[in-house]
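Undergrad: See start10.cif below, with mmCIF, N, CA and C atoms.
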data_data
loop_
_atom_site.label_atom_id
_atom_site.label_comp_id
_atom_site.auth_asym_id
_atom_site.auth_seq_id
_atom_site.Cartn_x
_atom_site.Cartn_y
_atom_site.Cartn_z
N MET N 21 -51.60 8.03 -15.16
CA MET N 21 -51.57 6.58 -15.11
C MET N 21 -50.43 6.16 -14.20
N SER N 22 -50.72 5.37 -13.22
CA SER N 22 -49.68 4.92 -12.31
C SER N 22 -49.31 3.48 -12.59
N THR N 23 -48.06 3.14 -12.28
CA THR N 23 -47.60 1.77 -12.42
C THR N 23 -46.98 1.34 -11.12
N MET N 24 -46.86 0.05 -10.94
CA MET N 24 -46.24 -0.47 -9.73
C MET N 24 -44.75 -0.14 -9.74
N PRO N 25 -44.16 0.12 -8.59
CA PRO N 25 -42.72 0.39 -8.54
C PRO N 25 -41.95 -0.77 -9.14
N GLY N 26 -40.95 -0.43 -9.93
CA GLY N 26 -40.13 -1.47 -10.55
C GLY N 26 -40.69 -2.01 -11.84
N LEU N 27 -41.92 -1.62 -12.21
CA LEU N 27 -42.54 -2.13 -13.43
C LEU N 27 -42.72 -1.05 -14.48
N SER N 28 -42.03 0.04 -14.36
CA SER N 28 -42.11 1.10 -15.34
C SER N 28 -41.15 0.81 -16.49
N PRO N 29 -41.53 1.19 -17.72
CA PRO N 29 -40.59 1.02 -18.81
C PRO N 29 -39.38 1.91 -18.59
N ILE N 30 -38.26 1.51 -19.17
CA ILE N 30 -37.06 2.32 -18.98
C ILE N 30 -37.23 3.68 -19.63
N ASN N 31 -36.45 4.62 -19.20
CA ASN N 31 -36.53 5.98 -19.73
C ASN N 31 -35.13 6.41 -20.19
N VAL N 32 -34.73 5.87 -21.34
CA VAL N 32 -33.42 6.18 -21.91
C VAL N 32 -33.66 6.88 -23.23
N VAL N 33 -32.90 7.92 -23.54
CA VAL N 33 -33.14 8.68 -24.76
C VAL N 33 -31.98 8.60 -25.75
N SER N 34 -31.01 7.75 -25.50
CA SER N 34 -29.91 7.56 -26.44
C SER N 34 -29.45 6.11 -26.36
N TYR N 35 -28.64 5.71 -27.33
CA TYR N 35 -28.17 4.33 -27.39
C TYR N 35 -27.40 3.95 -26.14
N GLU N 36 -27.76 2.81 -25.59
CA GLU N 36 -27.04 2.23 -24.46
C GLU N 36 -27.02 0.73 -24.69
N SER N 37 -25.87 0.16 -24.94
CA SER N 37 -25.77 -1.24 -25.33
C SER N 37 -26.44 -2.17 -24.32
N GLY N 38 -27.21 -3.10 -24.85
CA GLY N 38 -27.90 -4.07 -24.01
C GLY N 38 -29.07 -3.50 -23.24
N VAL N 39 -29.35 -2.21 -23.40
CA VAL N 39 -30.42 -1.55 -22.65
C VAL N 39 -31.41 -0.87 -23.57
N CYS N 40 -30.94 -0.04 -24.48
CA CYS N 40 -31.83 0.77 -25.31
C CYS N 40 -31.19 1.01 -26.68
N ASN N 41 -31.90 0.60 -27.75
CA ASN N 41 -31.34 0.82 -29.08
C ASN N 41 -32.34 1.42 -30.08
N ILE N 42 -33.52 1.86 -29.59
CA ILE N 42 -34.50 2.49 -30.47
C ILE N 42 -35.12 3.71 -29.80
N GLY N 43 -35.50 4.66 -30.64
CA GLY N 43 -36.13 5.89 -30.18
C GLY N 43 -37.64 5.84 -30.32
N PRO N 44 -38.30 6.99 -30.12
CA PRO N 44 -39.76 7.05 -30.06
C PRO N 44 -40.50 6.49 -31.28
N GLU N 45 -40.02 6.78 -32.49
CA GLU N 45 -40.73 6.28 -33.68
C GLU N 45 -40.65 4.77 -33.77
N GLU N 46 -39.50 4.21 -33.50
CA GLU N 46 -39.34 2.75 -33.55
C GLU N 46 -40.11 2.09 -32.41
N ILE N 47 -40.15 2.73 -31.25
CA ILE N 47 -40.91 2.19 -30.11
C ILE N 47 -42.39 2.12 -30.47
N ALA N 48 -42.92 3.18 -31.06
CA ALA N 48 -44.33 3.20 -31.47
C ALA N 48 -44.61 2.11 -32.49
N ARG N 49 -43.67 1.88 -33.37
CA ARG N 49 -43.84 0.83 -34.38
C ARG N 49 -43.92 -0.54 -33.72
N ARG N 50 -43.07 -0.81 -32.73
CA ARG N 50 -43.09 -2.11 -32.02
C ARG N 50 -44.40 -2.26 -31.25
N ARG N 51 -44.89 -1.16 -30.66
CA ARG N 51 -46.15 -1.21 -29.92
C ARG N 51 -47.30 -1.56 -30.85
N ARG N 52 -47.30 -0.99 -32.06
CA ARG N 52 -48.34 -1.33 -33.05
C ARG N 52 -48.29 -2.80 -33.44
N VAL N 53 -47.10 -3.36 -33.54
CA VAL N 53 -46.96 -4.79 -33.82
C VAL N 53 -47.57 -5.60 -32.68
N GLY N 54 -47.33 -5.18 -31.46
CA GLY N 54 -47.92 -5.85 -30.30
C GLY N 54 -49.44 -5.80 -30.35
N HIS N 55 -50.00 -4.63 -30.66
CA HIS N 55 -51.45 -4.48 -30.76
C HIS N 55 -52.01 -5.38 -31.86
N ALA N 56 -51.36 -5.38 -33.02
CA ALA N 56 -51.84 -6.19 -34.15
C ALA N 56 -51.80 -7.67 -33.80
N GLY N 57 -50.72 -8.12 -33.19
CA GLY N 57 -50.61 -9.52 -32.79
C GLY N 57 -51.66 -9.92 -31.78
N LEU N 58 -51.96 -9.02 -30.86
CA LEU N 58 -52.99 -9.30 -29.87
C LEU N 58 -54.36 -9.43 -30.53
N ILE N 59 -54.67 -8.53 -31.43
CA ILE N 59 -55.95 -8.58 -32.14
C ILE N 59 -56.07 -9.87 -32.95
N VAL N 60 -55.01 -10.22 -33.66
CA VAL N 60 -55.02 -11.46 -34.45
C VAL N 60 -55.17 -12.67 -33.54
N SER N 61 -54.48 -12.67 -32.41
CA SER N 61 -54.57 -13.79 -31.47
C SER N 61 -55.99 -13.97 -30.95
N LEU N 62 -56.61 -12.86 -30.55
CA LEU N 62 -57.98 -12.94 -30.03
C LEU N 62 -58.96 -13.39 -31.11
N ALA N 63 -58.80 -12.85 -32.33
CA ALA N 63 -59.68 -13.24 -33.43
C ALA N 63 -59.50 -14.71 -33.78
N LEU N 64 -58.25 -15.16 -33.84
CA LEU N 64 -57.98 -16.56 -34.16
C LEU N 64 -58.57 -17.48 -33.10
N PHE N 65 -58.37 -17.14 -31.85
CA PHE N 65 -58.94 -17.96 -30.77
C PHE N 65 -60.46 -18.00 -30.88
N GLY N 66 -61.06 -16.85 -31.10
CA GLY N 66 -62.51 -16.80 -31.25
C GLY N 66 -63.01 -17.65 -32.40
N LEU N 67 -62.33 -17.60 -33.53
CA LEU N 67 -62.72 -18.41 -34.69
C LEU N 67 -62.56 -19.90 -34.42
N LEU N 68 -61.45 -20.27 -33.80
CA LEU N 68 -61.23 -21.68 -33.50
C LEU N 68 -62.29 -22.23 -32.56
N VAL N 69 -62.68 -21.44 -31.58
CA VAL N 69 -63.73 -21.86 -30.65
C VAL N 69 -65.08 -21.87 -31.36
N ALA N 70 -65.38 -20.84 -32.13
CA ALA N 70 -66.68 -20.73 -32.81
C ALA N 70 -66.89 -21.88 -33.78
N PHE N 71 -65.86 -22.32 -34.45
CA PHE N 71 -65.99 -23.40 -35.42
C PHE N 71 -65.66 -24.77 -34.82
N ALA N 72 -65.55 -24.83 -33.52
CA ALA N 72 -65.29 -26.08 -32.79
C ALA N 72 -64.10 -26.84 -33.37
N ALA N 73 -63.05 -26.11 -33.67
CA ALA N 73 -61.83 -26.74 -34.18
C ALA N 73 -61.21 -27.60 -33.08
N PRO N 74 -60.47 -28.64 -33.47
CA PRO N 74 -59.82 -29.46 -32.45
C PRO N 74 -58.92 -28.59 -31.55
N HIS N 75 -58.87 -28.96 -30.30
CA HIS N 75 -58.10 -28.16 -29.33
C HIS N 75 -56.65 -27.99 -29.73
N TRP N 76 -56.05 -28.99 -30.36
CA TRP N 76 -54.63 -28.90 -30.72
C TRP N 76 -54.39 -27.77 -31.71
N MET N 77 -55.42 -27.39 -32.48
CA MET N 77 -55.25 -26.30 -33.44
C MET N 77 -55.03 -24.95 -32.76
N ARG N 78 -55.43 -24.86 -31.49
CA ARG N 78 -55.21 -23.63 -30.75
C ARG N 78 -53.74 -23.35 -30.50
N LEU N 79 -52.90 -24.36 -30.73
CA LEU N 79 -51.46 -24.16 -30.59
C LEU N 79 -50.94 -23.14 -31.60
N ALA N 80 -51.73 -22.84 -32.63
CA ALA N 80 -51.33 -21.80 -33.59
C ALA N 80 -51.15 -20.45 -32.89
N LEU N 81 -51.77 -20.30 -31.73
CA LEU N 81 -51.64 -19.06 -30.97
C LEU N 81 -50.21 -18.84 -30.47
N VAL N 82 -49.39 -19.90 -30.48
CA VAL N 82 -47.99 -19.73 -30.10
C VAL N 82 -47.35 -18.66 -30.99
N LEU N 83 -47.65 -18.72 -32.27
CA LEU N 83 -47.05 -17.77 -33.22
C LEU N 83 -47.60 -16.36 -33.05
N THR N 84 -48.91 -16.23 -33.01
CA THR N 84 -49.50 -14.89 -32.95
C THR N 84 -49.26 -14.23 -31.59
N ALA N 85 -49.42 -14.99 -30.52
CA ALA N 85 -49.19 -14.44 -29.18
C ALA N 85 -47.71 -14.15 -28.96
N GLY N 86 -46.84 -15.01 -29.49
CA GLY N 86 -45.41 -14.77 -29.38
C GLY N 86 -44.99 -13.52 -30.14
N GLY N 87 -45.59 -13.31 -31.31
CA GLY N 87 -45.32 -12.09 -32.08
C GLY N 87 -45.80 -10.85 -31.37
N SER N 88 -46.98 -10.96 -30.78
CA SER N 88 -47.52 -9.85 -30.01
C SER N 88 -46.62 -9.53 -28.82
N ALA N 89 -46.23 -10.57 -28.10
CA ALA N 89 -45.36 -10.38 -26.94
C ALA N 89 -44.03 -9.75 -27.36
N SER N 90 -43.50 -10.17 -28.49
CA SER N 90 -42.25 -9.61 -28.97
C SER N 90 -42.38 -8.11 -29.21
N GLY N 91 -43.46 -7.71 -29.87
CA GLY N 91 -43.67 -6.28 -30.12
C GLY N 91 -43.79 -5.49 -28.83
N TYR N 92 -44.60 -6.00 -27.91
CA TYR N 92 -44.78 -5.29 -26.64
C TYR N 92 -43.48 -5.24 -25.82
N LEU N 93 -42.75 -6.35 -25.76
CA LEU N 93 -41.51 -6.36 -24.99
C LEU N 93 -40.48 -5.41 -25.57
N GLN N 94 -40.38 -5.37 -26.90
CA GLN N 94 -39.43 -4.46 -27.53
C GLN N 94 -39.81 -3.00 -27.25
N ALA N 95 -41.10 -2.71 -27.30
CA ALA N 95 -41.55 -1.34 -26.99
C ALA N 95 -41.26 -1.02 -25.52
N TRP N 96 -41.55 -1.95 -24.64
CA TRP N 96 -41.36 -1.74 -23.20
C TRP N 96 -39.90 -1.47 -22.86
N PHE N 97 -39.02 -2.30 -23.44
CA PHE N 97 -37.59 -2.18 -23.13
C PHE N 97 -36.86 -1.16 -24.00
N HIS N 98 -37.56 -0.58 -24.98
CA HIS N 98 -36.93 0.36 -25.92
C HIS N 98 -35.74 -0.31 -26.61
N PHE N 99 -35.96 -1.57 -26.98
CA PHE N 99 -34.88 -2.35 -27.56
C PHE N 99 -35.42 -3.25 -28.65
N CYS N 100 -34.93 -3.07 -29.87
CA CYS N 100 -35.32 -3.90 -31.00
C CYS N 100 -34.41 -5.13 -31.05
N ALA N 101 -35.01 -6.31 -30.95
CA ALA N 101 -34.23 -7.54 -30.98
C ALA N 101 -33.54 -7.72 -32.32
N GLY N 102 -34.21 -7.39 -33.40
CA GLY N 102 -33.60 -7.50 -34.73
C GLY N 102 -32.40 -6.58 -34.89
N PHE N 103 -32.55 -5.35 -34.42
CA PHE N 103 -31.43 -4.41 -34.47
C PHE N 103 -30.28 -4.91 -33.61
N GLY N 104 -30.60 -5.42 -32.42
CA GLY N 104 -29.57 -5.92 -31.52
C GLY N 104 -28.79 -7.07 -32.13
N SER N 105 -29.50 -7.94 -32.83
CA SER N 105 -28.84 -9.07 -33.50
C SER N 105 -27.99 -8.61 -34.68
N SER N 106 -28.41 -7.52 -35.32
CA SER N 106 -27.72 -7.03 -36.51
C SER N 106 -26.62 -6.03 -36.21
N GLY N 107 -26.53 -5.59 -34.97
CA GLY N 107 -25.49 -4.63 -34.60
C GLY N 107 -25.76 -3.21 -35.04
N VAL N 108 -27.05 -2.81 -35.00
CA VAL N 108 -27.41 -1.44 -35.37
C VAL N 108 -28.35 -0.87 -34.31
N TYR N 109 -28.59 0.44 -34.41
CA TYR N 109 -29.56 1.11 -33.55
C TYR N 109 -30.16 2.27 -34.32
N ASN N 110 -31.30 2.82 -33.81
CA ASN N 110 -31.95 3.93 -34.50
C ASN N 110 -32.72 4.79 -33.51
N PHE N 111 -32.37 6.05 -33.46
CA PHE N 111 -33.10 7.03 -32.67
C PHE N 111 -33.68 8.13 -33.55
N GLY N 112 -33.60 7.93 -34.86
CA GLY N 112 -34.14 8.90 -35.81
C GLY N 112 -35.39 8.36 -36.47
N PRO N 113 -35.64 8.81 -37.70
CA PRO N 113 -36.82 8.34 -38.44
C PRO N 113 -36.73 6.84 -38.71
N VAL N 114 -37.89 6.19 -38.79
CA VAL N 114 -37.94 4.77 -39.11
C VAL N 114 -37.22 4.54 -40.43
N GLY N 115 -36.41 3.51 -40.47
CA GLY N 115 -35.70 3.16 -41.70
C GLY N 115 -34.25 3.59 -41.74
N THR N 116 -33.84 4.40 -40.78
CA THR N 116 -32.43 4.82 -40.71
C THR N 116 -31.78 4.11 -39.54
N VAL N 117 -30.58 3.62 -39.74
CA VAL N 117 -29.88 2.94 -38.66
C VAL N 117 -28.42 3.39 -38.63
N GLN N 118 -27.82 3.18 -37.48
CA GLN N 118 -26.39 3.44 -37.31
C GLN N 118 -25.75 2.16 -36.79
N GLN N 119 -24.53 1.93 -37.18
CA GLN N 119 -23.80 0.73 -36.79
C GLN N 119 -23.26 0.85 -35.36
N VAL N 120 -23.29 -0.27 -34.65
CA VAL N 120 -22.62 -0.37 -33.35
C VAL N 120 -21.23 -0.91 -33.66
N VAL N 121 -20.20 -0.16 -33.33
CA VAL N 121 -18.84 -0.55 -33.71
C VAL N 121 -18.10 -1.31 -32.61
N ASP N 122 -18.44 -1.08 -31.36
CA ASP N 122 -17.75 -1.72 -30.24
C ASP N 122 -18.18 -3.18 -30.13
N PRO N 123 -17.24 -4.13 -30.21
CA PRO N 123 -17.59 -5.55 -30.12
C PRO N 123 -18.26 -5.94 -28.80
N ALA N 124 -17.84 -5.33 -27.70
CA ALA N 124 -18.46 -5.64 -26.41
C ALA N 124 -19.90 -5.16 -26.38
N ALA N 125 -20.17 -4.00 -26.95
CA ALA N 125 -21.54 -3.47 -27.02
C ALA N 125 -22.39 -4.36 -27.90
N ARG N 126 -21.85 -4.83 -29.01
CA ARG N 126 -22.59 -5.74 -29.90
C ARG N 126 -22.95 -7.03 -29.17
N ALA N 127 -22.02 -7.52 -28.35
CA ALA N 127 -22.28 -8.76 -27.58
C ALA N 127 -23.41 -8.53 -26.57
N ARG N 128 -23.40 -7.39 -25.90
CA ARG N 128 -24.48 -7.08 -24.94
C ARG N 128 -25.82 -6.97 -25.68
N ASP N 129 -25.80 -6.38 -26.86
CA ASP N 129 -27.02 -6.25 -27.66
C ASP N 129 -27.54 -7.62 -28.09
N ARG N 130 -26.64 -8.50 -28.51
CA ARG N 130 -27.07 -9.84 -28.92
C ARG N 130 -27.69 -10.60 -27.75
N LEU N 131 -27.13 -10.43 -26.57
CA LEU N 131 -27.67 -11.09 -25.38
C LEU N 131 -29.08 -10.57 -25.07
N LYS N 132 -29.27 -9.25 -25.14
CA LYS N 132 -30.59 -8.67 -24.89
C LYS N 132 -31.59 -9.17 -25.94
N SER N 133 -31.15 -9.27 -27.18
CA SER N 133 -32.02 -9.78 -28.25
C SER N 133 -32.45 -11.21 -27.96
N LEU N 134 -31.52 -12.02 -27.51
CA LEU N 134 -31.82 -13.40 -27.16
C LEU N 134 -32.83 -13.46 -26.00
N GLU N 135 -32.64 -12.62 -25.00
CA GLU N 135 -33.56 -12.58 -23.86
C GLU N 135 -34.98 -12.23 -24.31
N ILE N 136 -35.10 -11.23 -25.18
CA ILE N 136 -36.42 -10.84 -25.68
C ILE N 136 -37.03 -11.97 -26.50
N GLY N 137 -36.23 -12.61 -27.33
CA GLY N 137 -36.71 -13.72 -28.14
C GLY N 137 -37.19 -14.88 -27.28
N LEU N 138 -36.43 -15.24 -26.27
CA LEU N 138 -36.83 -16.35 -25.40
C LEU N 138 -38.07 -16.01 -24.57
N ALA N 139 -38.15 -14.78 -24.09
CA ALA N 139 -39.34 -14.36 -23.33
C ALA N 139 -40.57 -14.38 -24.22
N SER N 140 -40.44 -13.93 -25.45
CA SER N 140 -41.56 -13.93 -26.40
C SER N 140 -42.00 -15.36 -26.69
N LEU N 141 -41.04 -16.25 -26.89
CA LEU N 141 -41.35 -17.66 -27.13
C LEU N 141 -42.06 -18.27 -25.93
N ALA N 142 -41.59 -17.97 -24.73
CA ALA N 142 -42.22 -18.50 -23.52
C ALA N 142 -43.66 -18.01 -23.39
N ILE N 143 -43.88 -16.75 -23.66
CA ILE N 143 -45.24 -16.20 -23.58
C ILE N 143 -46.12 -16.84 -24.65
N GLY N 144 -45.60 -16.98 -25.86
CA GLY N 144 -46.35 -17.63 -26.93
C GLY N 144 -46.70 -19.07 -26.58
N LEU N 145 -45.72 -19.82 -26.07
CA LEU N 145 -45.97 -21.21 -25.68
C LEU N 145 -47.01 -21.30 -24.57
N ALA N 146 -46.88 -20.46 -23.56
CA ALA N 146 -47.84 -20.48 -22.46
C ALA N 146 -49.25 -20.17 -22.96
N THR N 147 -49.36 -19.21 -23.86
CA THR N 147 -50.66 -18.84 -24.41
C THR N 147 -51.24 -19.98 -25.25
N GLY N 148 -50.43 -20.52 -26.15
CA GLY N 148 -50.91 -21.58 -27.03
C GLY N 148 -51.29 -22.85 -26.26
N ILE N 149 -50.44 -23.25 -25.34
CA ILE N 149 -50.72 -24.44 -24.54
C ILE N 149 -51.92 -24.20 -23.65
N GLY N 150 -51.98 -23.03 -23.03
CA GLY N 150 -53.14 -22.71 -22.18
C GLY N 150 -54.43 -22.73 -22.98
N ALA N 151 -54.42 -22.17 -24.18
CA ALA N 151 -55.61 -22.16 -25.03
C ALA N 151 -56.00 -23.58 -25.43
N ALA N 152 -55.01 -24.41 -25.72
CA ALA N 152 -55.30 -25.79 -26.13
C ALA N 152 -55.89 -26.61 -24.98
N LEU N 153 -55.51 -26.26 -23.77
CA LEU N 153 -56.00 -27.00 -22.61
C LEU N 153 -57.36 -26.52 -22.10
N LEU N 154 -57.81 -25.35 -22.56
CA LEU N 154 -59.11 -24.86 -22.12
C LEU N 154 -60.22 -25.81 -22.59
N PRO N 155 -61.15 -26.12 -21.71
CA PRO N 155 -62.20 -27.09 -22.07
C PRO N 155 -63.33 -26.50 -22.91
N ILE N 156 -63.17 -25.30 -23.42
CA ILE N 156 -64.24 -24.66 -24.20
C ILE N 156 -64.49 -25.46 -25.47
N ARG N 157 -65.74 -25.72 -25.75
CA ARG N 157 -66.11 -26.45 -26.98
C ARG N 157 -66.65 -25.49 -27.98
#
Any chance you could put this one into structure tokens?
TA:
Amino acid sequence: MSTMPGLSPINVVSYESGVCNIGPEEIARRRRVGHAGLIVSLALFGLLVAFAAPHWMRLALVLTAGGSASGYLQAWFHFCAGFGSSGVYNFGPVGTVQQVVDPAARARDRLKSLEIGLASLAIGLATGIGAALLPIR
């Protein structure tokens, strides 16, 4: 599978503040969240269109698409926004975490978490607004 230059996910195998705070098991978990959110988004959109719900109701996709985007972005960047906000990281089994003790590293992690959160919100908003504006009856 080839990707465009510059669009490959990062390849870090240990904690790096503001860059990578989760290992393979946590990455797979975030990817599953992305898949689930995408499936729910598509099903919700299909139901809203099938039942001729008012277009404004399609704004509900902001939540499901934003959640999906969050999962995919966290998997792509190998960075859990929740962990970054909480000052922890995990490269072992799901459910185990280690504390980030360096205040500067914690600050970089919080910034990365904010970036992922804002990007997820933007994707969710674009999806929800776009769906609401579609003329499908």
Undergrad: Rank N:Ala80, N:Cys100, N:Val120, N:Val69 by their smallest atom-to-atom distance to N:Gly43, using only N, CA and C atoms, and report the top residue only.
TA: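 Looking at the shortest contact to N:Gly43, the residue is N:Cys100.
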Undergrad: With 9 Å as the threshold, what does the neighbourhood of (-48.0, -24.9, -28.1) contain in terms of residues, counting only C-alpha atoms? Coordinates are those of the file; answer as a short mmCIF file (atom, residue, chain, number, x, y, z; two decimals) with N, CA and C atoms, in the coordinates of the input.
TA:
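The new file point15.cif reads:
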data_model
loop_
_atom_site.label_atom_id
_atom_site.label_comp_id
_atom_site.auth_asym_id
_atom_site.auth_seq_id
_atom_site.Cartn_x
_atom_site.Cartn_y
_atom_site.Cartn_z
N TRP N 76 -56.05 -28.99 -30.36
CA TRP N 76 -54.63 -28.90 -30.72
C TRP N 76 -54.39 -27.77 -31.71
N ARG N 78 -55.43 -24.86 -31.49
CA ARG N 78 -55.21 -23.63 -30.75
C ARG N 78 -53.74 -23.35 -30.50
N LEU N 79 -52.90 -24.36 -30.73
CA LEU N 79 -51.46 -24.16 -30.59
C LEU N 79 -50.94 -23.14 -31.60
N ALA N 80 -51.73 -22.84 -32.63
CA ALA N 80 -51.33 -21.80 -33.59
C ALA N 80 -51.15 -20.45 -32.89
N LEU N 81 -51.77 -20.30 -31.73
CA LEU N 81 -51.64 -19.06 -30.97
C LEU N 81 -50.21 -18.84 -30.47
N VAL N 82 -49.39 -19.90 -30.48
CA VAL N 82 -47.99 -19.73 -30.10
C VAL N 82 -47.35 -18.66 -30.99
N LEU N 83 -47.65 -18.72 -32.27
CA LEU N 83 -47.05 -17.77 -33.22
C LEU N 83 -47.60 -16.36 -33.05
N GLY N 144 -45.60 -16.98 -25.86
CA GLY N 144 -46.35 -17.63 -26.93
C GLY N 144 -46.70 -19.07 -26.58
N LEU N 145 -45.72 -19.82 -26.07
CA LEU N 145 -45.97 -21.21 -25.68
C LEU N 145 -47.01 -21.30 -24.57
N ALA N 146 -46.88 -20.46 -23.56
CA ALA N 146 -47.84 -20.48 -22.46
C ALA N 146 -49.25 -20.17 -22.96
N THR N 147 -49.36 -19.21 -23.86
CA THR N 147 -50.66 -18.84 -24.41
C THR N 147 -51.24 -19.98 -25.25
N GLY N 148 -50.43 -20.52 -26.15
CA GLY N 148 -50.91 -21.58 -27.03
C GLY N 148 -51.29 -22.85 -26.26
N ILE N 149 -50.44 -23.25 -25.34
CA ILE N 149 -50.72 -24.44 -24.54
C ILE N 149 -51.92 -24.20 -23.65
N GLY N 150 -51.98 -23.03 -23.03
CA GLY N 150 -53.14 -22.71 -22.18
C GLY N 150 -54.43 -22.73 -22.98
N ALA N 151 -54.42 -22.17 -24.18
CA ALA N 151 -55.61 -22.16 -25.03
C ALA N 151 -56.00 -23.58 -25.43
N ALA N 152 -55.01 -24.41 -25.72
CA ALA N 152 -55.30 -25.79 -26.13
C ALA N 152 -55.89 -26.61 -24.98
#
Undergrad: Step by step, work through what the PyMOL selection byres ((chain N and resi 110) around 5) selects in the shown file, and finish by giving those residues as a list in words.
TA: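 So the PyMOL selection byres ((chain N and resi 110) around 5), applied here, picks out Asn41, Ile42, Gly43, Val108, Tyr109, Phe111, Gly112 and Val117 of chain N.
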Undergrad: Take atom CA of N:Gln118 and atom CA of N:Arg51 and report the distance between them in Å, one decimal.
TA: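 Taking atom CA of N:Gln118 and atom CA of N:Arg51, their separation equals 21.6 Å.
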Undergrad: Around stretch 139-143 of chain N, with edges along x, y and z and 4 Å added on all six sides, what centre and edge lengths do you get, in Å to one decimal, as lines of an AutoDock Vina configuration file?
TA:
center_x = -42.1
center_y = -16.2
center_z = -25.2
size_x = 16.0
size_y = 12.6
size_z = 11.8
Undergrad: If you run DSSP on the backbone here, which positions in chain N get alpha helix (DSSP H)? Please write them as a PyMOL selection string.
TA: chain N and resi 44-70+81-97+101-106+123-153
Undergrad: May I ask which of the residues N:Leu68, N:Cys40, N:Ile136, N:Met77 is the closest one to N:Leu93, counting only N, CA and C atoms?
TA: N:Ile136
Undergrad: Report as a VMD selection string all protein, DNA and RNA residues lying within 7 Å of stretch 139-143 of chain N, evaluated on only N, CA and C atoms, omitting residues in the same chain fewer than 5 positions from it.
TA: chain N and resid 82 85 to 87 89 to 90 134 148
Undergrad: Run DSSP on the backbone of this structure and report the residues of chain N it assigns to strand (DSSP E or B), as number ranges by chain.
TA: N: 36, 40, 42, 108-110, 118-119
Undergrad: Grab the atom CA of N:Glu36 to atom CA of N:Leu138 distance for me, in Å with one decimal place.
TA: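 About the pair atom CA of N:Glu36 and atom CA of N:Leu138: they are 21.0 Å apart.
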Undergrad: Please measure the separation of atom C of N:Leu131 and atom CA of N:Val53, giving the value in Å to one decimal.
TA: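 A separation of 20.7 Å between them.
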Undergrad: Using only N, CA and C atoms for the distances, tell me which of N:Ser34, N:Val60, N:Val39, N:Arg126 is nearest to N:Phe97.
TA: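 Checking each of N:Ser34, N:Val60, N:Val39, N:Arg126 against N:Phe97, counting only N, CA and C atoms, the winner is N:Val39.
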